[in-house]
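Beneath this line is the structure, given in structure tokens, with notes to follow.
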Amino acid sequence: MKHIGVVMLLLAITLSTYAKSVEKDSEFKPKGKPIVRIFADWHTGMGKVSNVSGFEIQRALLGYSYQFAPEWSGQVVFDTGNPKNGSFEETAYLRKAFISYRYSTFLASLGIIGMKQFKEQENNWGYRYIYKSAMDEYKFNNSVDAGFYVRNQFNSWFAADLTISNGEGAKKSQDIEGKYRYGLGFSLYPKEHFTVRAYVDYYIAPEVEDAITKYDQSSIAFFAGYKDKKWSLGLEYDYGQNLKFNEGNNKSIYSIYSTLNVNSRCKAFARYDVYTNSAEEYKEENENVFLTGFEYIPCKGIKIAPNYRWVHHDNNPEFKDENYFYLNLELKL
């Protein structure tokens, strides 16, 4: 009941502010636009991983966005991608389906929504079609989930956001016990082009009937970034405790990334990740990743990015170092 009370209070605030904008609605014409975004690549390994090579359609996002009124909007997006089960079939699922209310500096969204825990990092990095942001890549949290999100920009330098979500991600339904994941974030904008972000979440473990004990999981993230028209730099640290409700499954990430705008059509980028897991049974996951390349934009909506990747495994002597060349492509309408 306490969850319902929080939602009802936020809805009451939303409806009270909506009454102030009735006159604006009479002059507004609803409009919508299609969403089409395709990620593809060709890649090949070098040296010990030279057998790894091929063309791949990573995913295709297809949907529609609609503006019902100046404050009300909605979006539906389907995600089609390779399930990586050994077949050539593509599977589709409902990635986003939400309605949003925006009034002045206040924003609220309800439905299957994009999670915001690493949105600032992702915006600074800017190359999701090449490589996901760190928390997403190493499965600290879901990139989309069913839930409720509210954010307010209190002034020019401070914003806060709250998320209540199922926690299982968009592909799974809520567990029968109704255990939620709670996230709280704070964003600071001390000067123009600068962003500082702190985020924490807590996910209550479901109770199980078998002998396996589940532990509540949590994560924290800190980010500092600079971005202007010429270049960008991002630094982040992420820590997850008891991930997947397994005691001792504690992950940490250090990530640094930068972009230099060579001209209006070409950008050079580089990134370095250090990912570790402190538990002995998970140490094979540990890796350092370096990637660098450049992005070429021949026309609006098309991005082409040749890039080199180096992956180092301390605990995998057979493939201690891996080298790859990728040619990534994004098509966006």
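Lettering and numbering for the structure tokens are positional, with chains as A, B, ... in the shown order, residues counted from 1 in each chain, and ligands counted from 1 in the shown order.
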
Within 7 Å of Lys214 of chain A, counting only C-alpha atoms, which residues show up once you throw out same-chain ones fewer than 6 positions away? Write them as a list in words, please.
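Selected residues are Ala205, Glu207, Phe245 and Asn246 of chain A.
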
When DSSP is applied to the backbone of this structure, which of segment 16-250 of chain A are assigned strand (DSSP E or B)? Write them out as a CSV table (one decimal) with N, CA, C and O atoms, in the first residue's frame.
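Writing done, so here's selection-v4.csv:
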chain,number,residue,atom,x,y,z
A,31,LYS,N,1.0,15.6,-32.6
A,31,LYS,CA,1.9,15.1,-33.7
A,31,LYS,C,2.7,13.9,-33.2
A,31,LYS,O,2.9,13.7,-32.0
A,32,GLY,N,3.1,13.1,-34.2
A,32,GLY,CA,3.9,12.0,-33.9
A,32,GLY,C,5.0,11.7,-34.9
A,32,GLY,O,5.0,12.4,-36.0
A,33,LYS,N,5.9,10.8,-34.6
A,33,LYS,CA,7.0,10.5,-35.6
A,33,LYS,C,7.4,9.1,-35.4
A,33,LYS,O,7.4,8.6,-34.2
A,34,PRO,N,7.8,8.4,-36.4
A,34,PRO,CA,8.3,7.0,-36.3
A,34,PRO,C,9.7,7.0,-35.7
A,34,PRO,O,10.5,8.0,-35.8
A,35,ILE,N,10.0,5.9,-35.1
A,35,ILE,CA,11.4,5.6,-34.5
A,35,ILE,C,12.0,4.4,-35.2
A,35,ILE,O,11.4,3.3,-35.2
A,36,VAL,N,13.1,4.6,-35.9
A,36,VAL,CA,13.8,3.6,-36.6
A,36,VAL,C,15.3,3.7,-36.2
A,36,VAL,O,15.9,4.8,-36.5
A,37,ARG,N,15.9,2.7,-35.6
A,37,ARG,CA,17.3,2.8,-35.3
A,37,ARG,C,17.9,1.4,-35.5
A,37,ARG,O,17.4,0.4,-34.8
A,38,ILE,N,18.9,1.3,-36.3
A,38,ILE,CA,19.5,0.0,-36.6
A,38,ILE,C,21.0,0.0,-36.2
A,38,ILE,O,21.7,0.9,-36.6
A,39,PHE,N,21.4,-1.0,-35.5
A,39,PHE,CA,22.9,-1.2,-35.2
A,39,PHE,C,23.4,-2.4,-35.9
A,39,PHE,O,22.8,-3.5,-35.8
A,40,ALA,N,24.5,-2.3,-36.6
A,40,ALA,CA,25.1,-3.4,-37.4
A,40,ALA,C,26.6,-3.3,-37.3
A,40,ALA,O,27.1,-2.2,-37.0
A,41,ASP,N,27.3,-4.4,-37.6
A,41,ASP,CA,28.7,-4.3,-37.6
A,41,ASP,C,29.3,-5.5,-38.4
A,41,ASP,O,28.7,-6.5,-38.7
A,42,TRP,N,30.6,-5.3,-38.8
A,42,TRP,CA,31.4,-6.3,-39.3
A,42,TRP,C,32.6,-6.3,-38.4
A,42,TRP,O,33.2,-5.3,-38.1
A,43,HIS,N,33.0,-7.5,-37.9
A,43,HIS,CA,34.2,-7.6,-37.0
A,43,HIS,C,35.0,-8.8,-37.3
A,43,HIS,O,34.6,-9.8,-37.9
A,44,THR,N,36.3,-8.7,-36.9
A,44,THR,CA,37.2,-9.8,-37.1
A,44,THR,C,38.2,-9.8,-35.9
A,44,THR,O,38.7,-8.7,-35.5
A,45,GLY,N,38.6,-11.0,-35.4
A,45,GLY,CA,39.6,-11.1,-34.4
A,45,GLY,C,41.0,-11.2,-35.1
A,45,GLY,O,41.1,-11.5,-36.2
A,46,MET,N,42.0,-11.0,-34.3
A,46,MET,CA,43.4,-11.1,-34.7
A,46,MET,C,44.2,-11.9,-33.8
A,46,MET,O,43.9,-12.0,-32.6
A,53,SER,N,34.9,-13.9,-36.5
A,53,SER,CA,34.7,-12.9,-37.6
A,53,SER,C,33.3,-13.1,-38.1
A,53,SER,O,32.7,-14.2,-38.1
A,54,GLY,N,32.7,-12.0,-38.6
A,54,GLY,CA,31.4,-12.1,-39.2
A,54,GLY,C,30.7,-10.7,-39.3
A,54,GLY,O,31.1,-9.7,-38.8
A,55,PHE,N,29.5,-10.8,-40.0
A,55,PHE,CA,28.6,-9.6,-40.1
A,55,PHE,C,27.5,-9.8,-39.1
A,55,PHE,O,27.1,-11.0,-38.9
A,56,GLU,N,27.0,-8.8,-38.5
A,56,GLU,CA,26.0,-8.9,-37.5
A,56,GLU,C,25.1,-7.7,-37.5
A,56,GLU,O,25.5,-6.6,-37.6
A,57,ILE,N,23.8,-8.0,-37.4
A,57,ILE,CA,22.8,-7.0,-37.1
A,57,ILE,C,22.5,-7.1,-35.6
A,57,ILE,O,21.9,-8.0,-35.1
A,58,GLN,N,23.1,-6.2,-34.8
A,58,GLN,CA,23.0,-6.3,-33.4
A,58,GLN,C,21.6,-6.1,-32.9
A,58,GLN,O,21.1,-6.9,-32.1
A,59,ARG,N,20.9,-5.1,-33.4
A,59,ARG,CA,19.5,-4.9,-33.1
A,59,ARG,C,18.9,-3.9,-34.0
A,59,ARG,O,19.5,-3.1,-34.6
A,60,ALA,N,17.5,-3.9,-34.0
A,60,ALA,CA,16.8,-2.9,-34.8
A,60,ALA,C,15.6,-2.4,-33.8
A,60,ALA,O,14.9,-3.2,-33.3
A,61,LEU,N,15.6,-1.1,-33.6
A,61,LEU,CA,14.6,-0.5,-32.8
A,61,LEU,C,13.5,0.1,-33.7
A,61,LEU,O,13.8,1.0,-34.5
A,62,LEU,N,12.3,-0.3,-33.5
A,62,LEU,CA,11.2,0.2,-34.4
A,62,LEU,C,10.0,0.6,-33.4
A,62,LEU,O,9.6,-0.2,-32.6
A,63,GLY,N,9.6,1.8,-33.6
A,63,GLY,CA,8.5,2.3,-32.8
A,63,GLY,C,7.9,3.6,-33.2
A,63,GLY,O,8.1,4.0,-34.4
A,64,TYR,N,7.2,4.2,-32.3
A,64,TYR,CA,6.5,5.5,-32.7
A,64,TYR,C,6.4,6.3,-31.4
A,64,TYR,O,6.1,5.8,-30.3
A,65,SER,N,6.6,7.6,-31.6
A,65,SER,CA,6.6,8.6,-30.5
A,65,SER,C,5.4,9.6,-30.8
A,65,SER,O,5.3,10.0,-32.0
A,66,TYR,N,4.6,9.9,-29.8
A,66,TYR,CA,3.5,10.8,-30.1
A,66,TYR,C,3.4,11.8,-29.0
A,66,TYR,O,3.5,11.5,-27.8
A,67,GLN,N,3.1,13.1,-29.4
A,67,GLN,CA,2.9,14.2,-28.5
A,67,GLN,C,1.4,14.5,-28.4
A,67,GLN,O,0.9,15.1,-29.3
A,72,TRP,N,1.9,16.2,-22.3
A,72,TRP,CA,1.7,14.7,-22.4
A,72,TRP,C,2.3,14.1,-23.6
A,72,TRP,O,2.0,14.6,-24.7
A,73,SER,N,3.1,13.0,-23.5
A,73,SER,CA,3.6,12.3,-24.6
A,73,SER,C,3.7,10.8,-24.3
A,73,SER,O,3.6,10.4,-23.1
A,74,GLY,N,3.9,10.0,-25.4
A,74,GLY,CA,3.9,8.6,-25.2
A,74,GLY,C,4.9,8.0,-26.2
A,74,GLY,O,5.2,8.6,-27.2
A,75,GLN,N,5.3,6.8,-26.0
A,75,GLN,CA,6.2,6.1,-26.9
A,75,GLN,C,6.1,4.6,-26.8
A,75,GLN,O,5.9,4.1,-25.7
A,76,VAL,N,6.1,3.9,-27.9
A,76,VAL,CA,6.1,2.5,-28.0
A,76,VAL,C,7.3,2.1,-28.9
A,76,VAL,O,7.4,2.6,-30.0
A,77,VAL,N,8.2,1.2,-28.4
A,77,VAL,CA,9.3,0.8,-29.2
A,77,VAL,C,9.5,-0.7,-29.1
A,77,VAL,O,9.5,-1.3,-27.9
A,78,PHE,N,9.7,-1.4,-30.2
A,78,PHE,CA,10.0,-2.8,-30.2
A,78,PHE,C,11.5,-3.0,-30.5
A,78,PHE,O,12.0,-2.3,-31.4
A,79,ASP,N,12.1,-3.9,-29.8
A,79,ASP,CA,13.5,-4.2,-30.0
A,79,ASP,C,13.7,-5.6,-30.6
A,79,ASP,O,13.2,-6.6,-30.1
A,80,THR,N,14.3,-5.6,-31.8
A,80,THR,CA,14.5,-6.9,-32.5
A,80,THR,C,16.0,-7.1,-32.6
A,80,THR,O,16.8,-6.3,-33.0
A,81,GLY,N,16.4,-8.3,-32.0
A,81,GLY,CA,17.8,-8.6,-32.0
A,81,GLY,C,18.1,-10.1,-32.0
A,81,GLY,O,17.2,-10.9,-31.9
A,91,THR,N,14.6,-12.2,-32.5
A,91,THR,CA,13.5,-12.2,-31.6
A,91,THR,C,13.2,-10.7,-31.3
A,91,THR,O,14.0,-9.8,-31.3
A,92,ALA,N,11.9,-10.4,-31.1
A,92,ALA,CA,11.4,-9.1,-30.8
A,92,ALA,C,10.7,-9.1,-29.4
A,92,ALA,O,10.0,-10.0,-29.1
A,93,TYR,N,10.9,-8.0,-28.7
A,93,TYR,CA,10.2,-7.8,-27.5
A,93,TYR,C,9.8,-6.3,-27.3
A,93,TYR,O,10.4,-5.4,-28.0
A,94,LEU,N,8.9,-6.0,-26.4
A,94,LEU,CA,8.4,-4.7,-26.2
A,94,LEU,C,9.5,-4.0,-25.3
A,94,LEU,O,9.6,-4.2,-24.1
A,95,ARG,N,10.3,-3.1,-25.9
A,95,ARG,CA,11.4,-2.5,-25.2
A,95,ARG,C,10.9,-1.3,-24.4
A,95,ARG,O,11.3,-1.0,-23.3
A,96,LYS,N,10.0,-0.5,-25.0
A,96,LYS,CA,9.5,0.7,-24.3
A,96,LYS,C,8.0,0.8,-24.6
A,96,LYS,O,7.5,0.6,-25.7
A,97,ALA,N,7.2,1.2,-23.6
A,97,ALA,CA,5.8,1.5,-23.7
A,97,ALA,C,5.4,2.4,-22.5
A,97,ALA,O,5.1,1.8,-21.5
A,98,PHE,N,5.4,3.7,-22.7
A,98,PHE,CA,5.2,4.5,-21.5
A,98,PHE,C,4.5,5.8,-21.9
A,98,PHE,O,4.5,6.2,-23.1
A,99,ILE,N,4.0,6.5,-20.9
A,99,ILE,CA,3.4,7.8,-21.1
A,99,ILE,C,4.2,8.7,-20.1
A,99,ILE,O,4.6,8.3,-19.0
A,100,SER,N,4.5,9.9,-20.6
A,100,SER,CA,5.2,10.9,-19.8
A,100,SER,C,4.5,12.2,-19.7
A,100,SER,O,3.7,12.6,-20.6
A,101,TYR,N,4.7,12.9,-18.5
A,101,TYR,CA,4.2,14.2,-18.3
A,101,TYR,C,5.3,15.1,-18.0
A,101,TYR,O,6.1,14.8,-17.1
A,102,ARG,N,5.4,16.2,-18.7
A,102,ARG,CA,6.4,17.2,-18.4
A,102,ARG,C,5.8,18.6,-18.3
A,102,ARG,O,5.1,19.1,-19.1
A,103,TYR,N,6.1,19.2,-17.2
A,103,TYR,CA,5.7,20.6,-16.9
A,103,TYR,C,6.8,21.4,-16.3
A,103,TYR,O,7.3,21.1,-15.3
A,106,PHE,N,9.7,19.7,-14.3
A,106,PHE,CA,9.2,18.5,-13.7
A,106,PHE,C,8.9,17.4,-14.8
A,106,PHE,O,8.3,17.7,-15.8
A,107,LEU,N,9.4,16.2,-14.6
A,107,LEU,CA,9.1,15.1,-15.5
A,107,LEU,C,8.7,13.8,-14.8
A,107,LEU,O,9.4,13.5,-13.8
A,108,ALA,N,7.6,13.2,-15.3
A,108,ALA,CA,7.2,11.9,-14.7
A,108,ALA,C,6.9,10.9,-15.8
A,108,ALA,O,6.3,11.3,-16.8
A,109,SER,N,7.3,9.7,-15.7
A,109,SER,CA,7.1,8.7,-16.7
A,109,SER,C,6.6,7.4,-16.1
A,109,SER,O,7.1,7.0,-15.0
A,110,LEU,N,5.7,6.7,-16.7
A,110,LEU,CA,5.1,5.5,-16.2
A,110,LEU,C,4.9,4.4,-17.3
A,110,LEU,O,4.4,4.8,-18.3
A,111,GLY,N,5.4,3.2,-17.0
A,111,GLY,CA,5.3,2.1,-18.0
A,111,GLY,C,6.6,1.4,-18.1
A,111,GLY,O,7.3,1.3,-17.2
A,112,ILE,N,6.9,0.8,-19.3
A,112,ILE,CA,8.2,0.2,-19.6
A,112,ILE,C,9.1,1.4,-20.1
A,112,ILE,O,8.9,1.9,-21.2
A,113,ILE,N,10.0,1.8,-19.3
A,113,ILE,CA,10.7,3.0,-19.5
A,113,ILE,C,12.2,2.7,-19.6
A,113,ILE,O,12.7,1.7,-19.1
A,114,GLY,N,13.0,3.6,-20.2
A,114,GLY,CA,14.4,3.5,-20.2
A,114,GLY,C,15.0,3.9,-18.8
A,114,GLY,O,14.6,5.0,-18.3
A,144,VAL,N,16.3,-1.1,-19.6
A,144,VAL,CA,14.8,-0.7,-19.6
A,144,VAL,C,14.1,-1.6,-18.5
A,144,VAL,O,14.6,-2.8,-18.3
A,145,ASP,N,13.0,-1.1,-18.0
A,145,ASP,CA,12.3,-1.9,-17.0
A,145,ASP,C,10.9,-1.3,-16.9
A,145,ASP,O,10.7,-0.1,-17.3
A,146,ALA,N,10.0,-2.1,-16.3
A,146,ALA,CA,8.6,-1.5,-16.0
A,146,ALA,C,8.7,-0.8,-14.7
A,146,ALA,O,9.2,-1.4,-13.7
A,147,GLY,N,8.2,0.4,-14.6
A,147,GLY,CA,8.2,1.1,-13.4
A,147,GLY,C,7.8,2.6,-13.5
A,147,GLY,O,7.1,3.0,-14.5
A,148,PHE,N,8.2,3.4,-12.5
A,148,PHE,CA,7.8,4.8,-12.4
A,148,PHE,C,9.0,5.6,-12.2
A,148,PHE,O,9.9,5.2,-11.4
A,149,TYR,N,9.1,6.7,-13.0
A,149,TYR,CA,10.3,7.6,-12.9
A,149,TYR,C,9.9,9.0,-12.7
A,149,TYR,O,8.9,9.5,-13.4
A,150,VAL,N,10.5,9.7,-11.8
A,150,VAL,CA,10.2,11.2,-11.6
A,150,VAL,C,11.5,11.9,-11.5
A,150,VAL,O,12.4,11.5,-10.8
A,151,ARG,N,11.6,13.1,-12.1
A,151,ARG,CA,12.8,13.9,-12.0
A,151,ARG,C,12.3,15.4,-12.0
A,151,ARG,O,11.4,15.8,-12.6
A,152,ASN,N,13.1,16.2,-11.2
A,152,ASN,CA,12.9,17.6,-11.2
A,152,ASN,C,14.2,18.4,-11.2
A,152,ASN,O,15.1,18.0,-10.5
A,153,GLN,N,14.3,19.4,-12.1
A,153,GLN,CA,15.4,20.3,-12.2
A,153,GLN,C,15.1,21.5,-11.2
A,153,GLN,O,14.4,22.4,-11.6
A,154,PHE,N,15.7,21.4,-10.1
A,154,PHE,CA,15.3,22.4,-9.0
A,154,PHE,C,15.9,23.8,-9.4
A,154,PHE,O,15.2,24.8,-9.1
A,155,ASN,N,17.0,23.9,-10.0
A,155,ASN,CA,17.6,25.1,-10.4
A,155,ASN,C,18.6,24.8,-11.6
A,155,ASN,O,18.6,23.7,-12.0
A,158,PHE,N,21.2,22.0,-10.1
A,158,PHE,CA,20.9,20.8,-9.3
A,158,PHE,C,19.6,20.1,-9.8
A,158,PHE,O,18.6,20.8,-10.0
A,159,ALA,N,19.6,18.8,-9.9
A,159,ALA,CA,18.5,18.0,-10.3
A,159,ALA,C,18.5,16.7,-9.5
A,159,ALA,O,19.6,16.2,-9.1
A,160,ALA,N,17.3,16.1,-9.2
A,160,ALA,CA,17.2,14.8,-8.5
A,160,ALA,C,16.2,14.0,-9.2
A,160,ALA,O,15.2,14.5,-9.8
A,161,ASP,N,16.4,12.7,-9.1
A,161,ASP,CA,15.4,11.7,-9.7
A,161,ASP,C,15.2,10.5,-8.8
A,161,ASP,O,16.1,10.1,-8.1
A,162,LEU,N,14.0,9.9,-8.9
A,162,LEU,CA,13.6,8.8,-8.2
A,162,LEU,C,13.0,7.7,-9.1
A,162,LEU,O,12.2,8.1,-10.0
A,163,THR,N,13.4,6.5,-9.0
A,163,THR,CA,12.9,5.4,-9.8
A,163,THR,C,12.4,4.3,-8.9
A,163,THR,O,13.1,3.8,-8.0
A,164,ILE,N,11.2,3.8,-9.2
A,164,ILE,CA,10.7,2.5,-8.6
A,164,ILE,C,10.4,1.6,-9.7
A,164,ILE,O,9.5,1.9,-10.6
A,165,SER,N,11.0,0.5,-9.8
A,165,SER,CA,10.8,-0.5,-10.9
A,165,SER,C,10.7,-1.9,-10.4
A,165,SER,O,11.1,-2.2,-9.3
A,181,ARG,N,12.8,-2.6,-7.0
A,181,ARG,CA,14.1,-2.0,-7.0
A,181,ARG,C,13.9,-0.4,-6.9
A,181,ARG,O,13.2,0.2,-7.7
A,182,TYR,N,14.6,0.2,-6.0
A,182,TYR,CA,14.5,1.6,-5.7
A,182,TYR,C,15.8,2.3,-6.1
A,182,TYR,O,16.9,1.9,-5.7
A,183,GLY,N,15.7,3.4,-6.9
A,183,GLY,CA,16.9,4.1,-7.3
A,183,GLY,C,16.7,5.6,-7.0
A,183,GLY,O,15.7,6.2,-7.2
A,184,LEU,N,17.8,6.2,-6.6
A,184,LEU,CA,17.8,7.6,-6.3
A,184,LEU,C,19.1,8.2,-6.9
A,184,LEU,O,20.2,7.7,-6.6
A,185,GLY,N,18.9,9.3,-7.6
A,185,GLY,CA,20.1,9.9,-8.3
A,185,GLY,C,20.1,11.4,-8.1
A,185,GLY,O,19.0,12.1,-7.9
A,186,PHE,N,21.3,12.0,-8.0
A,186,PHE,CA,21.5,13.5,-7.9
A,186,PHE,C,22.5,13.9,-9.0
A,186,PHE,O,23.5,13.3,-9.2
A,187,SER,N,22.1,14.9,-9.7
A,187,SER,CA,22.9,15.5,-10.8
A,187,SER,C,23.3,16.9,-10.5
A,187,SER,O,22.4,17.7,-10.2
A,188,LEU,N,24.6,17.3,-10.6
A,188,LEU,CA,25.0,18.6,-10.4
A,188,LEU,C,25.6,19.2,-11.7
A,188,LEU,O,26.3,18.5,-12.4
A,194,PHE,N,29.9,21.1,-17.6
A,194,PHE,CA,30.3,20.2,-16.5
A,194,PHE,C,29.1,19.4,-15.9
A,194,PHE,O,28.0,20.1,-15.7
A,195,THR,N,29.2,18.1,-15.6
A,195,THR,CA,28.2,17.3,-15.0
A,195,THR,C,28.8,16.4,-13.9
A,195,THR,O,29.9,15.8,-14.2
A,196,VAL,N,28.2,16.4,-12.8
A,196,VAL,CA,28.6,15.5,-11.7
A,196,VAL,C,27.4,14.7,-11.3
A,196,VAL,O,26.3,15.3,-11.1
A,197,ARG,N,27.5,13.4,-11.2
A,197,ARG,CA,26.3,12.5,-11.0
A,197,ARG,C,26.6,11.5,-9.9
A,197,ARG,O,27.7,10.9,-9.9
A,198,ALA,N,25.7,11.3,-9.0
A,198,ALA,CA,25.8,10.2,-8.0
A,198,ALA,C,24.5,9.5,-8.0
A,198,ALA,O,23.4,10.1,-8.0
A,199,TYR,N,24.6,8.2,-7.9
A,199,TYR,CA,23.4,7.3,-8.0
A,199,TYR,C,23.5,6.1,-7.0
A,199,TYR,O,24.6,5.6,-6.9
A,200,VAL,N,22.4,5.7,-6.4
A,200,VAL,CA,22.4,4.6,-5.5
A,200,VAL,C,21.1,3.8,-5.7
A,200,VAL,O,20.0,4.5,-5.9
A,201,ASP,N,21.1,2.5,-5.7
A,201,ASP,CA,19.8,1.8,-5.8
A,201,ASP,C,19.9,0.6,-4.8
A,201,ASP,O,21.0,0.1,-4.4
A,202,TYR,N,18.7,0.1,-4.5
A,202,TYR,CA,18.6,-1.1,-3.6
A,202,TYR,C,17.5,-2.0,-4.1
A,202,TYR,O,16.4,-1.5,-4.4
A,203,TYR,N,17.8,-3.3,-4.2
A,203,TYR,CA,16.9,-4.2,-4.8
A,203,TYR,C,16.6,-5.3,-3.8
A,203,TYR,O,17.6,-6.1,-3.4
A,217,GLN,N,20.5,-6.9,-3.1
A,217,GLN,CA,21.6,-6.4,-3.9
A,217,GLN,C,21.5,-4.8,-3.9
A,217,GLN,O,20.4,-4.3,-3.8
A,218,SER,N,22.6,-4.2,-4.2
A,218,SER,CA,22.6,-2.7,-4.2
A,218,SER,C,23.8,-2.3,-5.2
A,218,SER,O,24.7,-3.1,-5.5
A,219,SER,N,23.7,-1.1,-5.6
A,219,SER,CA,24.8,-0.6,-6.4
A,219,SER,C,24.9,0.9,-6.2
A,219,SER,O,23.9,1.6,-5.9
A,220,ILE,N,26.1,1.5,-6.5
A,220,ILE,CA,26.4,2.9,-6.4
A,220,ILE,C,27.1,3.3,-7.7
A,220,ILE,O,27.9,2.4,-8.3
A,221,ALA,N,27.0,4.5,-8.1
A,221,ALA,CA,27.7,5.0,-9.3
A,221,ALA,C,28.1,6.5,-9.1
A,221,ALA,O,27.2,7.3,-8.6
A,222,PHE,N,29.3,6.8,-9.5
A,222,PHE,CA,29.7,8.2,-9.4
A,222,PHE,C,30.3,8.6,-10.8
A,222,PHE,O,31.0,7.8,-11.4
A,223,PHE,N,29.9,9.7,-11.3
A,223,PHE,CA,30.3,10.2,-12.6
A,223,PHE,C,30.7,11.6,-12.6
A,223,PHE,O,30.0,12.5,-12.0
A,224,ALA,N,31.7,12.0,-13.4
A,224,ALA,CA,32.1,13.4,-13.6
A,224,ALA,C,32.4,13.5,-15.1
A,224,ALA,O,33.2,12.7,-15.6
A,225,GLY,N,31.9,14.5,-15.7
A,225,GLY,CA,32.1,14.7,-17.1
A,225,GLY,C,32.1,16.1,-17.6
A,225,GLY,O,31.6,17.0,-17.0
A,226,TYR,N,32.8,16.3,-18.7
A,226,TYR,CA,32.9,17.6,-19.4
A,226,TYR,C,32.5,17.3,-20.9
A,226,TYR,O,33.0,16.4,-21.5
A,227,LYS,N,31.7,18.2,-21.5
A,227,LYS,CA,31.3,18.0,-22.9
A,227,LYS,C,31.0,19.4,-23.5
A,227,LYS,O,30.1,20.1,-23.0
A,231,TRP,N,35.2,18.8,-27.6
A,231,TRP,CA,35.6,17.6,-27.1
A,231,TRP,C,34.9,17.2,-25.8
A,231,TRP,O,34.1,18.1,-25.3
A,232,SER,N,35.0,16.0,-25.4
A,232,SER,CA,34.4,15.5,-24.1
A,232,SER,C,35.3,14.6,-23.4
A,232,SER,O,36.2,14.0,-23.9
A,233,LEU,N,35.0,14.5,-22.1
A,233,LEU,CA,35.8,13.6,-21.2
A,233,LEU,C,34.9,13.1,-20.1
A,233,LEU,O,34.1,13.9,-19.5
A,234,GLY,N,34.8,11.8,-19.9
A,234,GLY,CA,34.0,11.3,-18.8
A,234,GLY,C,34.8,10.3,-17.9
A,234,GLY,O,35.6,9.6,-18.4
A,235,LEU,N,34.5,10.4,-16.6
A,235,LEU,CA,35.2,9.5,-15.6
A,235,LEU,C,34.1,8.9,-14.8
A,235,LEU,O,33.2,9.6,-14.3
A,236,GLU,N,34.1,7.6,-14.6
A,236,GLU,CA,33.1,7.0,-13.7
A,236,GLU,C,33.6,5.8,-12.9
A,236,GLU,O,34.6,5.2,-13.3
A,237,TYR,N,33.0,5.6,-11.7
A,237,TYR,CA,33.2,4.5,-10.9
A,237,TYR,C,31.9,3.9,-10.5
A,237,TYR,O,31.0,4.6,-10.1
A,238,ASP,N,31.8,2.6,-10.6
A,238,ASP,CA,30.6,1.8,-10.3
A,238,ASP,C,30.9,0.7,-9.4
A,238,ASP,O,31.9,0.0,-9.6
A,239,TYR,N,30.0,0.4,-8.5
A,239,TYR,CA,30.2,-0.7,-7.6
A,239,TYR,C,28.9,-1.4,-7.3
A,239,TYR,O,27.9,-0.8,-7.0
A,240,GLY,N,28.8,-2.7,-7.5
A,240,GLY,CA,27.6,-3.5,-7.3
A,240,GLY,C,27.9,-4.6,-6.3
A,240,GLY,O,28.9,-5.3,-6.3
A,241,GLN,N,26.9,-4.8,-5.3
A,241,GLN,CA,27.1,-5.7,-4.2
A,241,GLN,C,26.0,-6.8,-4.3
A,241,GLN,O,24.8,-6.5,-4.5

Just asking: which residues within segment 61-245 of chain A are alpha helix (DSSP H) according to DSSP, as a PyMOL selection string?
chain A and resi 119-125+134-137

Write out, as a PDB file, in the first residue's frame, the residues just selected, with C-alpha atoms.
ATOM      1  CA  LYS A 119      21.969   8.013 -18.723  1.00  0.00           C
ATOM      2  CA  GLU A 120      24.408  10.850 -17.992  1.00  0.00           C
ATOM      3  CA  GLN A 121      27.350   8.511 -18.612  1.00  0.00           C
ATOM      4  CA  GLU A 122      25.792   7.225 -21.820  1.00  0.00           C
ATOM      5  CA  ASN A 123      25.190  10.745 -23.117  1.00  0.00           C
ATOM      6  CA  ASN A 124      28.780  11.738 -22.444  1.00  0.00           C
ATOM      7  CA  TRP A 125      30.169   8.565 -24.060  1.00  0.00           C
ATOM      8  CA  ALA A 134      29.946   0.510 -18.450  1.00  0.00           C
ATOM      9  CA  MET A 135      27.047  -0.295 -16.089  1.00  0.00           C
ATOM     10  CA  ASP A 136      25.000  -1.575 -19.019  1.00  0.00           C
ATOM     11  CA  GLU A 137      27.836  -3.582 -20.573  1.00  0.00           C
TER      12      GLU A 137
END

Counting only C-alpha atoms, what is within 8 Å of Tyr129 of chain A, bar same-chain residues fewer than 5 positions away, as a PyMOL selection string?
chain A and resi 39+328-330

Atoms to include: C-alpha atoms. Write the selected residues as a PDB file, in the first residue's frame.
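And here's out15.pdb as it stands now:
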ATOM      1  CA  PHE A  39      22.859  -1.191 -35.164  1.00  0.00           C
ATOM      2  CA  ASN A 328      30.134  -0.375 -36.683  1.00  0.00           C
ATOM      3  CA  LEU A 329      27.146   1.207 -38.389  1.00  0.00           C
ATOM      4  CA  GLU A 330      24.133   3.085 -37.064  1.00  0.00           C
TER       5      GLU A 330
END

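Proximity ranking of A:Ile130, A:Ile302, A:Ile212, A:Leu331 relative to Arg271 of chain A places A:Ile130 first, based on only C-alpha atoms.
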
Atomic distance atom CA of Glu281 of chain A - atom CA of Asp216 of chain A, expressed in Å with one decimal:
19.3 Å

Quick one: pull the distance between atom CA of Glu287 of chain A and atom CA of Asp314 of chain A, Å, one decimal.
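Atom CA of Asp314 of chain A lies at a distance of 6.8 Å from atom CA of Glu287 of chain A.
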
Looking at A:Gly248, A:Pro306, A:Pro298, A:Gly47, which one is nearest to Asp321 of chain A, with distances taken over only C-alpha atoms?
A:Gly47

Could you name the residues that touch Lys229 of chain A at 10 Å or less, counting only C-alpha atoms, but leaving out those on the same chain fewer than 3 positions away, as number ranges by chain?
A: 193, 232, 260-261, 264
